[in-house]
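A.B. asks: Dropping in entry_17.txt, which is compact mmCIF, C-alpha atoms:
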```txt
# COMPACT_ATOMS: atom_id res chain seq x y z
CA MET A 1 18.05 29.40 -8.96
CA ASN A 2 16.56 31.12 -5.90
CA THR A 3 16.06 29.92 -2.35
CA ALA A 4 12.38 29.14 -2.89
CA ASN A 5 13.33 26.89 -5.76
CA ALA A 6 15.82 25.03 -3.55
CA TYR A 7 13.17 24.44 -0.90
CA LEU A 8 10.72 23.27 -3.56
CA ARG A 9 13.29 20.73 -4.78
CA SER A 10 13.88 19.61 -1.20
CA ALA A 11 10.15 19.13 -0.59
CA LEU A 12 9.81 17.17 -3.83
CA PHE A 13 12.81 15.03 -2.90
CA LEU A 14 11.45 14.30 0.59
CA LEU A 15 7.97 13.39 -0.67
CA THR A 16 9.37 11.15 -3.43
CA ALA A 17 11.73 9.46 -0.97
CA LEU A 18 8.87 8.80 1.47
CA VAL A 19 6.61 7.31 -1.20
CA LEU A 20 9.44 5.23 -2.68
CA HIS A 21 10.39 3.95 0.76
CA MET A 22 6.85 2.71 1.40
CA ALA A 23 6.15 1.37 -2.08
CA LEU A 24 9.51 -0.07 -3.03
CA PHE A 25 12.31 -0.11 -0.46
CA SER A 26 10.24 -1.54 2.39
CA ASP A 27 9.70 -4.65 0.20
CA LEU A 28 13.39 -5.13 -0.61
CA ARG A 29 14.24 -7.06 2.53
CA VAL A 30 17.31 -9.09 3.35
CA LEU A 31 16.94 -11.29 6.45
CA GLY A 32 13.62 -9.51 6.94
CA VAL A 33 15.31 -6.10 7.15
CA ALA A 34 14.53 -3.21 4.80
CA PRO A 35 16.73 -0.17 4.11
CA GLU A 36 16.15 2.70 6.54
CA VAL A 37 15.67 5.31 3.82
CA PRO A 38 14.11 8.03 6.03
CA LEU A 39 16.99 7.78 8.50
CA ALA A 40 19.50 7.87 5.63
CA ILE A 41 17.75 11.00 4.32
CA ALA A 42 18.21 12.77 7.66
CA ILE A 43 21.86 11.72 7.96
CA THR A 44 22.83 12.67 4.41
CA ALA A 45 20.99 16.00 4.74
CA GLY A 46 23.17 16.75 7.78
CA LEU A 47 26.31 15.70 5.90
CA VAL A 48 25.55 17.87 2.87
CA GLY A 49 23.65 20.81 4.36
CA GLY A 50 24.99 21.05 7.92
CA PRO A 51 23.23 20.70 11.28
CA GLU A 52 20.26 23.00 10.69
CA ARG A 53 19.19 21.47 7.39
CA GLY A 54 19.90 17.99 8.74
CA ALA A 55 17.57 18.66 11.67
CA VAL A 56 14.79 20.13 9.49
CA ALA A 57 14.98 17.33 6.89
CA GLY A 58 15.05 14.74 9.69
CA PHE A 59 12.02 16.28 11.35
CA ILE A 60 9.96 16.38 8.14
CA ILE A 61 10.80 12.89 6.89
CA GLY A 62 10.39 11.59 10.46
CA LEU A 63 6.87 13.00 10.68
CA GLY A 64 6.10 11.53 7.25
CA ILE A 65 7.12 8.01 8.23
CA ASP A 66 5.49 8.34 11.67
CA LEU A 67 2.14 8.52 9.87
CA TYR A 68 2.59 4.89 8.83
CA LEU A 69 4.26 3.39 11.88
CA PRO A 70 2.37 1.94 14.82
CA THR A 71 4.77 3.58 17.28
CA LEU A 72 4.04 6.97 18.90
CA PHE A 73 3.60 9.83 16.44
CA GLY A 74 6.67 12.05 16.72
CA LEU A 75 9.15 9.38 17.83
CA SER A 76 10.89 9.07 14.46
CA ALA A 77 10.72 12.85 14.00
CA LEU A 78 12.46 13.38 17.35
CA ILE A 79 15.26 10.93 16.68
CA TYR A 80 15.84 11.88 13.04
CA THR A 81 15.97 15.57 14.05
CA VAL A 82 18.67 14.88 16.63
CA TRP A 83 20.52 12.58 14.25
CA GLY A 84 20.45 14.97 11.29
CA TYR A 85 21.69 17.77 13.54
CA THR A 86 24.40 15.71 15.25
CA VAL A 87 25.82 14.28 12.04
CA GLY A 88 25.78 17.76 10.47
CA LEU A 89 27.60 19.18 13.47
CA ILE A 90 30.23 16.44 13.47
CA GLU A 91 30.80 16.92 9.74
CA GLU A 92 31.11 20.67 10.16
CA ARG A 93 33.32 20.68 13.26
CA ILE A 94 35.45 17.55 12.95
CA PHE A 95 35.86 16.53 9.36
CA ARG A 96 35.03 18.42 6.21
CA SER A 97 34.75 15.05 4.71
CA ALA A 98 35.80 13.11 1.68
CA TRP A 99 33.00 11.19 -0.05
CA TRP A 100 34.07 7.84 1.34
CA ILE A 101 34.01 9.20 4.90
CA ASN A 102 30.45 10.42 4.30
CA VAL A 103 29.48 6.95 3.11
CA LEU A 104 30.96 5.29 6.20
CA VAL A 105 29.42 7.91 8.50
CA THR A 106 25.99 7.23 6.96
CA ALA A 107 26.32 3.51 7.70
CA ALA A 108 27.59 4.02 11.25
CA ALA A 109 24.99 6.70 12.01
CA THR A 110 22.25 4.40 10.70
CA ALA A 111 23.22 1.67 13.15
CA GLY A 112 23.50 4.20 15.98
CA GLY A 113 20.18 5.84 15.07
CA LEU A 114 18.36 2.50 15.16
CA LEU A 115 19.82 1.68 18.55
CA VAL A 116 18.71 5.04 19.95
CA TYR A 117 15.28 4.59 18.35
CA ALA A 118 14.82 1.21 20.02
CA LEU A 119 16.07 2.40 23.42
CA LEU A 120 14.02 5.60 23.45
CA GLY A 121 10.96 3.77 22.13
CA GLU A 122 11.20 1.20 24.92
CA LEU A 123 11.61 4.01 27.48
CA LEU A 124 8.40 5.57 26.14
CA GLY A 125 6.53 2.30 26.55
CA GLU A 126 6.69 0.85 23.02
CA ALA A 127 7.02 -2.93 23.01
CA ASN A 128 9.15 -5.16 20.76
CA LEU A 129 11.79 -2.60 19.83
CA TYR A 130 14.80 -3.69 21.86
CA THR A 131 14.91 -7.38 20.99
CA ASP A 132 17.59 -9.94 20.03
CA ARG A 133 16.84 -9.07 16.44
CA LEU A 134 17.86 -5.43 16.85
CA TYR A 135 21.53 -6.10 16.07
CA VAL A 136 20.62 -7.89 12.82
CA VAL A 137 18.42 -4.92 11.88
CA MET A 138 21.26 -2.49 12.69
CA GLY A 139 23.80 -4.45 10.63
CA VAL A 140 21.68 -5.03 7.53
CA ALA A 141 20.16 -1.53 7.52
CA ALA A 142 23.63 0.02 7.91
CA ALA A 143 24.91 -2.00 4.93
CA TYR A 144 21.87 -0.98 2.87
CA ASN A 145 22.27 2.69 3.76
CA LEU A 146 25.97 2.52 2.94
CA VAL A 147 24.95 1.67 -0.63
CA LEU A 148 22.14 4.25 -0.73
CA SER A 149 24.25 7.07 0.71
CA LEU A 150 26.00 8.03 -2.54
CA PRO A 151 22.81 8.66 -4.56
CA LEU A 152 21.22 10.40 -1.57
CA LEU A 153 24.23 12.69 -1.07
CA GLY A 154 24.08 13.52 -4.78
CA LEU A 155 20.37 14.28 -4.61
CA TRP A 156 20.81 16.62 -1.66
CA ARG A 157 23.52 18.50 -3.59
CA TRP A 158 21.05 18.74 -6.48
CA SER A 159 18.43 20.16 -4.10
CA TRP A 160 20.65 22.82 -2.53
CA PRO A 161 23.33 23.83 -5.07
CA ARG A 162 22.96 27.61 -4.74
CA LEU A 163 22.56 27.56 -0.95
CA LEU A 164 25.67 25.44 -0.52
CA GLY A 165 27.62 27.65 -2.91
CA GLU A 166 26.72 30.77 -0.91
CA GLU A 167 27.89 29.25 2.35
CA ARG A 168 31.21 27.76 1.29
CA MET B 1 30.41 36.72 13.08
CA ALA B 2 28.28 35.19 10.31
CA THR B 3 29.31 31.73 11.48
CA GLY B 4 28.33 32.59 15.05
CA THR B 5 24.89 33.75 13.89
CA ARG B 6 24.46 30.57 11.85
CA ILE B 7 25.35 28.37 14.84
CA GLY B 8 22.94 30.33 17.06
CA ARG B 9 20.17 29.97 14.49
CA SER B 10 20.76 26.24 14.03
CA ARG B 11 20.60 25.72 17.81
CA PHE B 12 17.34 27.65 17.95
CA THR B 13 15.95 25.50 15.09
CA LEU B 14 17.02 22.32 16.89
CA ILE B 15 15.35 23.34 20.14
CA PHE B 16 12.17 24.37 18.30
CA LEU B 17 12.00 21.04 16.43
CA LEU B 18 12.73 19.01 19.57
CA LEU B 19 9.97 20.79 21.47
CA SER B 20 7.59 20.23 18.55
CA SER B 21 8.43 16.50 18.47
CA ALA B 22 8.02 16.19 22.23
CA THR B 23 4.66 17.98 22.03
CA LEU B 24 3.46 15.64 19.27
CA LEU B 25 4.61 12.60 21.26
CA THR B 26 2.72 13.78 24.33
CA LEU B 27 -0.44 14.59 22.39
CA ASP B 28 -0.35 11.23 20.61
CA ALA B 29 0.20 9.36 23.89
CA ARG B 30 -2.89 11.13 25.25
CA GLU B 31 -4.83 10.24 22.06
CA PHE B 32 -5.53 13.90 21.29
CA GLU B 33 -8.28 13.71 18.70
CA PRO B 34 -7.48 16.77 16.51
CA LEU B 35 -3.93 15.42 16.05
CA GLN B 36 -5.25 12.00 15.05
CA ARG B 37 -7.64 13.63 12.58
CA THR B 38 -4.81 15.69 11.11
CA GLU B 39 -2.69 12.52 10.76
CA GLU B 40 -5.58 10.82 8.94
CA THR B 41 -6.10 13.79 6.60
CA ILE B 42 -2.42 13.98 5.63
CA SER B 43 -2.29 10.23 5.25
CA ASP B 44 -5.38 10.34 3.00
CA LEU B 45 -3.73 13.04 0.87
CA ILE B 46 -0.59 10.94 0.36
CA SER B 47 -2.62 7.75 -0.12
CA PRO B 48 -3.26 8.06 -3.90
CA LEU B 49 0.45 8.66 -4.56
CA ARG B 50 1.34 5.68 -2.43
CA THR B 51 -1.25 3.40 -4.03
CA GLY B 52 -0.02 4.40 -7.49
CA ALA B 53 3.60 3.77 -6.54
CA ASP B 54 2.60 0.44 -4.95
CA ARG B 55 1.06 -0.67 -8.25
CA VAL B 56 4.14 0.40 -10.23
CA PHE B 57 6.69 -1.24 -7.94
CA GLU B 58 4.70 -4.34 -6.97
CA PRO B 59 6.42 -6.53 -9.62
CA VAL B 60 9.83 -5.41 -8.35
CA GLY B 61 8.91 -6.36 -4.78
CA ASP B 62 7.48 -9.69 -5.93
CA ALA B 63 10.60 -10.47 -7.96
CA TRP B 64 12.79 -9.62 -4.98
CA ALA B 65 10.70 -11.83 -2.69
CA GLY B 66 10.97 -14.61 -5.27
CA ILE B 67 14.75 -14.32 -5.41
CA THR B 68 15.47 -13.93 -1.70
CA GLY B 69 12.79 -16.32 -0.46
CA TYR B 70 12.84 -19.06 -3.12
CA ASP B 71 13.60 -21.95 -0.73
CA GLU B 72 11.01 -20.74 1.71
CA LEU B 73 8.42 -20.46 -1.08
CA GLU B 74 9.15 -23.96 -2.27
CA SER B 75 8.68 -25.55 1.15
CA GLU B 76 5.61 -23.37 1.76
CA ASN B 77 4.18 -24.60 -1.55
CA GLU B 78 4.68 -28.20 -0.50
CA ALA B 79 3.09 -27.59 2.88
CA LEU B 80 0.13 -25.87 1.19
CA ARG B 81 -0.41 -28.83 -1.16
CA ALA B 82 -0.50 -31.21 1.80
CA GLU B 83 -2.83 -28.86 3.65
CA LEU B 84 -5.15 -28.66 0.63
CA GLN B 85 -5.51 -32.42 0.49
CA LYS B 86 -6.29 -32.52 4.20
CA LEU B 87 -8.85 -29.73 3.84
CA GLU B 88 -10.65 -31.44 0.96
CA GLY B 89 -11.30 -34.40 3.22
CA GLN B 90 -12.25 -32.19 6.13
CA GLN B 91 -14.69 -30.12 4.09
CA ILE B 92 -17.47 -32.71 4.23
CA LEU B 93 -17.18 -33.03 8.00
CA ASP B 94 -17.02 -29.25 8.38
CA SER B 95 -20.24 -28.59 6.50
CA ASP B 96 -22.07 -30.81 8.97
CA ALA B 97 -20.27 -29.27 11.95
CA ALA B 98 -21.03 -25.77 10.66
CA ILE B 99 -24.75 -26.48 10.54
CA ARG B 100 -24.65 -27.83 14.09
CA LEU B 101 -22.54 -24.87 15.31
CA GLU B 102 -24.92 -22.38 13.70
CA SER B 103 -27.96 -23.91 15.41
CA LEU B 104 -26.12 -24.04 18.75
CA LEU B 105 -25.10 -20.37 18.50
CA ASP B 106 -28.64 -19.51 17.47
CA GLU B 107 -29.95 -21.17 20.64
CA LEU B 108 -27.44 -19.25 22.76
CA GLY B 109 -28.28 -15.97 21.02
CA LEU B 110 -24.71 -15.55 19.74
CA PRO B 111 -23.84 -14.42 16.19
CA TYR B 112 -22.54 -16.92 13.67
CA VAL B 113 -19.37 -15.73 11.94
CA GLN B 114 -20.72 -16.20 8.42
CA ASP B 115 -23.77 -14.03 9.23
CA ILE B 116 -21.72 -11.05 10.38
CA PRO B 117 -21.52 -8.20 7.85
CA ASN B 118 -18.01 -7.85 6.54
CA VAL B 119 -15.76 -5.83 4.26
CA VAL B 120 -13.11 -7.35 2.02
CA ALA B 121 -9.95 -5.24 1.96
CA GLU B 122 -6.68 -5.34 0.11
CA VAL B 123 -3.42 -5.24 2.03
CA VAL B 124 -1.76 -2.17 0.56
CA THR B 125 1.40 -2.06 2.63
CA ALA B 126 2.91 -4.59 4.87
CA ASN B 127 5.27 -3.21 7.47
CA VAL B 128 7.08 -0.09 6.28
CA GLY B 129 9.73 -0.11 9.00
CA ASN B 130 11.98 -2.65 10.62
CA PHE B 131 10.24 -2.59 13.98
CA ASP B 132 6.60 -3.02 12.94
CA ARG B 133 6.55 -6.66 11.91
CA TYR B 134 3.17 -7.15 13.47
CA SER B 135 1.00 -4.78 11.48
CA VAL B 136 -0.26 -4.25 7.93
CA GLN B 137 -2.24 -1.48 6.28
CA ILE B 138 -5.47 -2.17 4.40
CA ASN B 139 -7.34 -0.03 1.89
CA ARG B 140 -10.66 0.18 3.73
CA GLY B 141 -11.49 2.52 6.57
CA SER B 142 -14.15 4.34 8.53
CA GLU B 143 -16.27 5.12 5.44
CA ASP B 144 -16.71 1.35 4.99
CA GLY B 145 -17.94 0.97 8.58
CA ILE B 146 -14.63 -0.19 10.02
CA ARG B 147 -13.96 0.72 13.66
CA ASN B 148 -11.16 0.26 16.15
CA GLY B 149 -10.84 -3.31 17.48
CA MET B 150 -12.85 -5.11 14.77
CA PRO B 151 -11.64 -8.65 14.00
CA VAL B 152 -9.81 -9.33 10.76
CA VAL B 153 -9.89 -12.79 9.20
CA THR B 154 -8.89 -14.76 6.14
CA ARG B 155 -10.33 -18.09 5.04
CA GLY B 156 -7.81 -19.73 7.38
CA GLY B 157 -9.14 -17.95 10.46
CA LEU B 158 -8.35 -14.96 12.64
CA ILE B 159 -5.29 -12.95 11.60
CA GLY B 160 -5.65 -9.85 13.78
CA ARG B 161 -7.72 -6.82 14.66
CA ILE B 162 -8.10 -3.20 13.57
CA ASP B 163 -5.66 -1.13 15.58
CA GLY B 164 -6.55 2.46 16.42
CA ASP B 165 -9.08 4.71 14.74
CA PRO B 166 -9.05 4.01 11.01
CA GLY B 167 -8.67 6.71 8.37
CA ARG B 168 -11.48 7.31 5.88
CA GLY B 169 -10.05 4.90 3.33
CA HIS B 170 -7.39 2.95 5.20
CA SER B 171 -6.82 1.12 8.48
CA ARG B 172 -4.01 -0.57 10.34
CA VAL B 173 -4.31 -4.21 11.34
CA THR B 174 -2.35 -5.62 14.28
CA LEU B 175 -1.52 -9.24 13.53
CA LEU B 176 -2.14 -12.01 16.04
CA THR B 177 1.57 -12.85 16.06
CA ASP B 178 2.18 -9.58 17.97
CA PRO B 179 3.37 -10.55 21.48
CA GLY B 180 0.95 -7.93 22.85
CA PHE B 181 -2.04 -9.49 21.07
CA GLU B 182 -4.50 -11.36 23.32
CA VAL B 183 -7.67 -13.20 22.44
CA GLY B 184 -10.13 -15.29 24.45
CA VAL B 185 -10.20 -18.84 23.10
CA LEU B 186 -11.57 -22.27 23.78
CA ALA B 187 -10.59 -25.67 22.52
CA VAL B 188 -13.48 -27.08 20.48
CA GLY B 189 -15.55 -29.38 22.67
CA THR B 190 -14.46 -27.86 25.99
CA ASP B 191 -15.99 -25.13 28.15
CA ASP B 192 -12.89 -23.51 29.65
CA VAL B 193 -12.30 -20.06 28.22
CA ALA B 194 -8.58 -19.36 28.07
CA LEU B 195 -6.38 -16.49 26.94
CA ALA B 196 -4.08 -16.90 23.95
CA SER B 197 -1.34 -14.42 23.15
CA GLY B 198 0.92 -13.86 20.15
CA GLY B 199 4.33 -15.50 20.25
CA GLY B 200 6.23 -13.29 17.80
CA HIS B 201 6.97 -13.45 14.08
CA GLY B 202 6.82 -17.01 12.74
CA GLU B 203 6.17 -18.39 16.23
CA PRO B 204 3.06 -20.17 17.51
CA LEU B 205 0.51 -18.63 19.89
CA MET B 206 0.68 -19.46 23.58
CA VAL B 207 -2.25 -20.21 25.86
CA THR B 208 -1.00 -19.54 29.37
CA LYS B 209 -4.08 -18.47 31.31
CA GLY B 210 -7.46 -19.96 32.04
CA LEU B 211 -7.24 -23.59 30.95
CA GLU B 212 -7.60 -25.83 33.98
CA ILE B 213 -5.36 -28.84 34.32
CA ASP B 214 -8.19 -31.40 34.27
CA THR B 215 -9.79 -30.11 31.04
CA GLU B 216 -9.35 -32.72 28.35
CA VAL B 217 -7.32 -31.21 25.52
CA ASN B 218 -5.12 -33.16 23.13
CA VAL B 219 -2.51 -32.32 20.55
CA GLY B 220 -4.35 -31.70 17.29
CA HIS B 221 -7.36 -30.12 19.02
CA GLU B 222 -8.81 -27.12 17.16
CA VAL B 223 -8.87 -23.79 19.00
CA VAL B 224 -11.44 -21.08 18.19
CA THR B 225 -12.42 -17.68 19.59
CA SER B 226 -14.58 -17.97 22.68
CA GLY B 227 -16.70 -14.90 21.97
CA VAL B 228 -17.98 -14.71 25.53
CA ASP B 229 -18.48 -11.77 27.85
CA ARG B 230 -18.21 -8.81 25.48
CA SER B 231 -15.20 -10.28 23.76
CA ARG B 232 -13.99 -8.21 20.81
CA TYR B 233 -14.35 -11.32 18.68
CA PRO B 234 -17.44 -13.31 17.79
CA PRO B 235 -17.37 -16.98 18.77
CA GLY B 236 -16.15 -19.71 16.47
CA ILE B 237 -13.40 -18.00 14.46
CA PRO B 238 -10.65 -20.58 13.94
CA ILE B 239 -7.40 -19.68 15.69
CA GLY B 240 -5.27 -22.76 15.17
CA THR B 241 -4.34 -26.24 16.26
CA VAL B 242 -2.78 -27.39 19.52
CA THR B 243 0.73 -28.64 18.81
CA TYR B 244 2.15 -29.00 22.32
CA ILE B 245 0.77 -29.22 25.85
CA ASP B 246 2.67 -28.37 29.02
CA TYR B 247 1.44 -28.28 32.60
CA ASP B 248 1.85 -25.63 35.28
CA GLU B 249 1.52 -27.76 38.42
CA ALA B 250 1.73 -24.74 40.73
CA ARG B 251 -1.20 -22.91 39.14
CA LEU B 252 -3.01 -26.09 38.06
CA LEU B 253 -3.18 -24.89 34.49
CA GLN B 254 -2.45 -26.32 31.08
CA LEU B 255 -0.17 -24.34 28.81
CA LEU B 256 -0.89 -24.82 25.13
CA THR B 257 1.20 -24.08 22.09
CA VAL B 258 -1.13 -23.29 19.20
CA GLU B 259 -0.04 -23.20 15.55
CA PRO B 260 -2.16 -20.48 13.86
CA SER B 261 -4.46 -21.79 11.13
CA ALA B 262 -4.18 -18.58 9.08
CA ASN B 263 -0.91 -17.52 7.49
CA THR B 264 -0.03 -13.90 8.31
CA ASP B 265 2.83 -13.72 5.80
CA ASN B 266 2.30 -12.41 2.26
CA LEU B 267 -1.29 -11.33 2.87
CA SER B 268 -3.09 -9.96 -0.20
CA PHE B 269 -6.75 -9.73 0.81
CA VAL B 270 -8.35 -9.90 4.23
CA THR B 271 -11.90 -9.67 5.56
CA VAL B 272 -12.86 -7.25 8.31
CA LEU B 273 -15.84 -8.46 10.35
CA LEU B 274 -18.01 -5.44 11.14
CA TYR B 275 -18.58 -6.82 14.60
CA ASP B 276 -19.30 -4.57 17.54
CA PRO B 277 -19.83 -6.56 20.77
CA LEU B 278 -21.57 -3.64 22.48
CA ALA B 279 -24.08 -3.31 19.64
CA GLU B 280 -24.67 -7.08 19.78
CA ASP B 281 -25.37 -6.75 23.52
CA SER B 282 -27.90 -3.98 23.04
```
Go ahead and render the structure in this file as structure tokens.
C.D. replies:
Amino acid sequence: MNTANAYLRSALFLLTALVLHMALFSDLRVLGVAPEVPLAIAITAGLVGGPERGAVAGFIIGLGIDLYLPTLFGLSALIYTVWGYTVGLIEERIFRSAWWINVLVTAAATAGGLLVYALLGELLGEANLYTDRLYVVMGVAAAYNLVLSLPLLGLWRWSWPRLLGEER
Amino acid sequence: MATGTRIGRSRFTLIFLLLSSATLLTLDAREFEPLQRTEETISDLISPLRTGADRVFEPVGDAWAGITGYDELESENEALRAELQKLEGQQILDSDAAIRLESLLDELGLPYVQDIPNVVAEVVTANVGNFDRYSVQINRGSEDGIRNGMPVVTRGGLIGRIDGDPGRGHSRVTLLTDPGFEVGVLAVGTDDVALASGGGHGEPLMVTKGLEIDTEVNVGHEVVTSGVDRSRYPPGIPIGTVTYIDYDEARLLQLLTVEPSANTDNLSFVTVLLYDPLAEDS
């Protein structure tokens, strides 16, 4: 499989994830909170592919979801880029991780990402982001993404098998 | 060496993507039109995929809502039955009131809600994120005559307004529960125009400005859109019922708590009133 093929798989994966998030996952709410699939995509891309791929995947999926959010266009892209990169960097520098560490990191990074999203959004003038409900959103979304992380990590490995093999 | 190059490249990529995001944020904040048109075009391209997936997964979402919200549905069902009985009795009175309201509005040269052209739209996606509880997407857009700010109603009354420039075949509706949502209202039978604002998800609306302390308003009073002075909304759209009255002695105002008459949860179809106050003026 060549590089172009890997990128094609990645694009297909990102588009499918975006559509599934809007059509299915955003309806599967517990306490009014849906899984944060796009954020989980960015985090798991960083965990599997390293900082650069984490940043690129975060940017693309962030732009995709920004199309459908009432907040400023580019806000999700900005945060998911930073988050994908940071998680990738931590994974690369600090722990070449076991699967269960990746799962826990996805959950913790989801909660952290949502907090940063709310704080940055409020700084940029968006209303109703940093509310009492934020901590419920962080907790439930983190739990959801903990469950989703394993299939997402597997799908990223499916998207980039050759590229990962060349690097390691 | 190769690792060093890779780190350098990944830093360059990060900076490039951050600058791109910041540029997009700035352009969007300044409502840069080419960017908005590009957003619409991409959104329109994804739209068929999304609509198809919505149709496929709708039963799953419904089943999930049934499982996780069974108690809520049961009590809602009971409340709706009681409401239906009340409405059946009210219908006769309303038909008479509607005729009188229409003739009054006709005398004042104001449009009657039922005469305003409208478009029925399906709610295709409720909120897709965890922070946008106050908006829904509908499957009608600019090619149906929908414009920014147009009122959106159901049979129960006002539920929101079109937010931002719509795409060709889709629009976003900001719900009246949004704390940033404001609408000019008056209690039926009074002349004081007041300002109602959203109180948050599942919370009533609050009227905190404009209603003088000596205006006679009681609990149970109906509240409708005022429709005066180039209001975005035509007069007479039901907003809700007064459930609590407080008094601000310092400002000599009444503060009303208004329970919305239209339910903004689980919306399936809505009606967009193709109402343009500036066109009405001209």
A.B. asks: Taking all atoms listed in the file into account, which of A:Ala17, A:Ala34, A:Leu119, A:Ala108 comes nearest chain B?
C.D. replies: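 Smallest distance to chain B is found for A:Ala34.
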A.B. asks: Using all atoms listed in the file, determine which residues lie at most 9 Å from Leu69 (chain A), disregarding the query and same-chain residues fewer than 2 positions distant; provide the list as a JSON list (two decimals) with C-alpha atoms, in the frame of the given file.
C.D. replies:
```
[["chain", "number", "residue", "atom", "x", "y", "z"],
["A", 65, "ILE", "CA", 7.12, 8.01, 8.23],
["A", 66, "ASP", "CA", 5.49, 8.34, 11.67],
["A", 67, "LEU", "CA", 2.14, 8.52, 9.87],
["A", 71, "THR", "CA", 4.77, 3.58, 17.28],
["A", 72, "LEU", "CA", 4.04, 6.97, 18.90],
["A", 73, "PHE", "CA", 3.60, 9.83, 16.44],
["B", 127, "ASN", "CA", 5.27, -3.21, 7.47],
["B", 128, "VAL", "CA", 7.08, -0.09, 6.28],
["B", 129, "GLY", "CA", 9.73, -0.11, 9.00],
["B", 131, "PHE", "CA", 10.24, -2.59, 13.98],
["B", 132, "ASP", "CA", 6.60, -3.02, 12.94],
["B", 135, "SER", "CA", 1.00, -4.78, 11.48]]
```
A.B. asks: With 6 Å as the limit and counting all atoms listed in the file, what residues in chain A lie close to chain B? Please list them as a short mmCIF file (atom, residue, chain, number, x, y, z; two decimals) with C-alpha atoms, in the frame of the given file.
C.D. replies:
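Contents of out_20.cif, freshly written:
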```cif
data_model
loop_
_atom_site.label_atom_id
_atom_site.label_comp_id
_atom_site.auth_asym_id
_atom_site.auth_seq_id
_atom_site.Cartn_x
_atom_site.Cartn_y
_atom_site.Cartn_z
CA VAL A 19 6.61 7.31 -1.20
CA MET A 22 6.85 2.71 1.40
CA ALA A 23 6.15 1.37 -2.08
CA LEU A 24 9.51 -0.07 -3.03
CA SER A 26 10.24 -1.54 2.39
CA ASP A 27 9.70 -4.65 0.20
CA VAL A 33 15.31 -6.10 7.15
CA GLU A 52 20.26 23.00 10.69
CA PHE A 73 3.60 9.83 16.44
CA GLY A 74 6.67 12.05 16.72
CA LEU A 78 12.46 13.38 17.35
#
```
A.B. asks: Please compute the CA of Ser197 (chain B)-CA of Thr177 (chain B) distance, one decimal, in Å.
C.D. replies: 7.8 Å
A.B. asks: What's the separation between CA of Thr38 (chain B) and CA of Leu18 (chain A), in Å to one decimal place?
C.D. replies: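 A separation of 18.1 Å between them.
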